[in-house]
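Asker: A single structure is presented below for examination.
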Amino acid sequence: MTNQIILDHNQIQHIIKRIAYQIYETFVDDKKIILAGIKENGFILATKIKEQLDQISTLEVELCEIIINKKKPIDEVKTSMAPSTYKNQAIVLVDDVLNTGSTLIYAVKHFLEHDIKKCKTAVLINRNHKMYPIKADFKGLSLSTSKNEHVQVAFKNNENAAYLS
């Protein structure tokens with residue numbers, strides 16, 4: 001099976017910048033937000049969004065890594081921050097691909113147990129195969145695919161790309 005590029009490096013950079021502006025517009029009245037990225041690609045994407053937000057806004061942006069078992073998201077969700085850190089804070093959950101929604105819904109559940117101020121979601125690619133009532137508030141690309149197709153995002157040095165196989 002061959003890999004077809006669906007987003008190249010420049011397109012991903014443009015999407016990251018656009019998502020950063022959308023986040024800033026949404027949270028302009030907040031002094032601080034937490035970008036909580038799902039381990040690996042979600043956290044890398046959150047880091048890239050933070051870099052853009054640091055350039056365009058006065059928001060204090062903290063990064064948080066969410067450790068979740070994507071195959072069994074009902075297992076315990078852990079974060080790189082103490083839960084008391086995000087109490088009464090605005091959270092943006094970040095992942096590279098929104099497929100069924102299970103990873104994000106269980107991450108949202110974790111944060112809701114800790115009395116947060118508000119929660120939004122940001123994804124690079126929304127695949128539209130949701131099994132849970134979660135949506136991407138900020139998204140780069142909506143992609144209708146078959147369930148047999150696989151979307152993979154590669155963040156390698158300065159050459160980012162998204163592939164469909």
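Going by the structure tokens order, chains are called A, B, ..., each with residues numbered from 1, while ligands are numbered from 1 in the order shown.
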Considering only C-alpha atoms, return as a VMD selection string whatever protein or nucleic-acid residues lie within 9 Å of stretch 108-122 of chain A, sequence-local ones (same chain, fewer than 4 positions apart) excluded.
Answerer: chain A and resid 19 23 46 76 to 78 83 to 84 86 to 96 103 to 104 134 to 140
Asker: When you look at stretch 56-64 of chain A with a cut-off of 7 Å (counting only C-alpha atoms), what residues show up, excluding the ones that are within fewer than 5 positions of it in the same chain? I need them as a VMD selection string.
Answerer: chain A and resid 24 31 to 37 50 79 to 81
Asker: Print the selection's residues with C-alpha atoms to a file, as a PDB file, in the first residue's frame.
Answerer:
```pdb
ATOM      1  CA  TYR A  24      -6.014  33.451  20.579  1.00  0.00           C
ATOM      2  CA  LYS A  31      -4.582  35.740  30.725  1.00  0.00           C
ATOM      3  CA  LYS A  32      -3.465  32.120  30.694  1.00  0.00           C
ATOM      4  CA  ILE A  33      -4.294  28.881  28.882  1.00  0.00           C
ATOM      5  CA  ILE A  34      -2.985  25.340  29.052  1.00  0.00           C
ATOM      6  CA  LEU A  35      -2.303  23.461  25.827  1.00  0.00           C
ATOM      7  CA  ALA A  36      -2.689  19.800  26.756  1.00  0.00           C
ATOM      8  CA  GLY A  37      -1.274  17.580  24.033  1.00  0.00           C
ATOM      9  CA  LYS A  50       2.488  27.350  21.643  1.00  0.00           C
ATOM     10  CA  THR A  79      -0.647  14.347  32.860  1.00  0.00           C
ATOM     11  CA  SER A  80       2.717  16.031  33.190  1.00  0.00           C
ATOM     12  CA  MET A  81       1.117  18.589  35.538  1.00  0.00           C
TER      13      MET A  81
END
```
Asker: Closest to A:Ile125 among A:Thr100, A:Asn148, A:Ala162, A:Ile49, using only C-alpha atoms?
Answerer: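 Counting only C-alpha atoms, the residue closest to A:Ile125 is A:Ala162.
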Asker: Apply DSSP to the backbone of this structure and, from chain A, keep only the residues in strand (DSSP E); write these as a PyMOL selection string.
Answerer: chain A and resi 4-7+32-38+60-67+78-79+90-98+118-126+138-142+151-156+159-164
Asker: If you run DSSP on the backbone here, which positions in chain A get alpha helix (DSSP H)? Please write them as a PyMOL selection string.
Answerer: chain A and resi 9-26+41-56+102-112
Asker: Give me, please, the distance in Å between atom CA of A:Ile74 and atom CA of A:Val123, quoted to one decimal.
Answerer: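 So the answer is 20.7 Å.
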Asker: What is the distance between atom CA of A:Leu143 and atom CA of A:Asp54, in Å to one decimal?
Answerer: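 According to the coordinates, atom CA of A:Leu143 and atom CA of A:Asp54 are separated by 29.1 Å.
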Asker: Hey, what's within 12 Å of A:Glu159 if we count only C-alpha atoms and toss same-chain stuff fewer than 6 positions away? As JSON, numbers by chain, please?
Answerer: {"A": [7, 8, 9, 10, 11, 12, 13, 153]}
Asker: Keeping only C-alpha atoms, take the residues you just selected and write them out as a short mmCIF file (atom, residue, chain, number, x, y, z; two decimals), in the first residue's frame.
Answerer:
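Generated file (out16.cif):
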```cif
data_model
loop_
_atom_site.label_atom_id
_atom_site.label_comp_id
_atom_site.auth_asym_id
_atom_site.auth_seq_id
_atom_site.Cartn_x
_atom_site.Cartn_y
_atom_site.Cartn_z
CA LEU A 7 -0.62 17.72 3.94
CA ASP A 8 2.92 18.84 3.21
CA HIS A 9 5.23 20.79 5.49
CA ASN A 10 4.10 24.24 4.33
CA GLN A 11 0.41 23.34 4.61
CA ILE A 12 0.92 22.06 8.17
CA GLN A 13 2.81 25.24 9.12
CA VAL A 153 1.24 12.52 10.79
#
```
Asker: Between atom CA of A:Arg127 and atom CA of A:Glu149, what is the distance in Å, rounded to a tenth?
Answerer: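 It comes out at 10.2 Å.
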Asker: If we count only C-alpha atoms, what is near A:Tyr21 at a cut-off of 9 Å, once residues fewer than 4 positions away on the same chain are taken out, given as a PyMOL selection string?
Answerer: chain A and resi 16-17+25-26+52-53+56-57
Asker: Pull C-alpha atoms from the residues just selected and write them as a short mmCIF file (atom, residue, chain, number, x, y, z; two decimals), in the first residue's frame.
Answerer:
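Written file, result.cif:
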```cif
data_model
loop_
_atom_site.label_atom_id
_atom_site.label_comp_id
_atom_site.auth_asym_id
_atom_site.auth_seq_id
_atom_site.Cartn_x
_atom_site.Cartn_y
_atom_site.Cartn_z
CA ILE A 16 -0.67 25.60 12.90
CA LYS A 17 -0.56 29.37 12.48
CA GLU A 25 -9.32 34.92 19.34
CA THR A 26 -11.26 32.46 21.52
CA GLN A 52 2.99 30.51 17.35
CA LEU A 53 0.91 31.81 20.26
CA ILE A 56 1.26 36.57 18.19
CA SER A 57 -0.29 36.99 21.63
#
```
Asker: Restricting the calculation to only C-alpha atoms, which member of A:Leu164, A:Ala107, A:Leu98, A:Ala20 is positioned closest to A:Thr47?
Answerer: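 Closest to A:Thr47, using only C-alpha atoms: A:Ala20.
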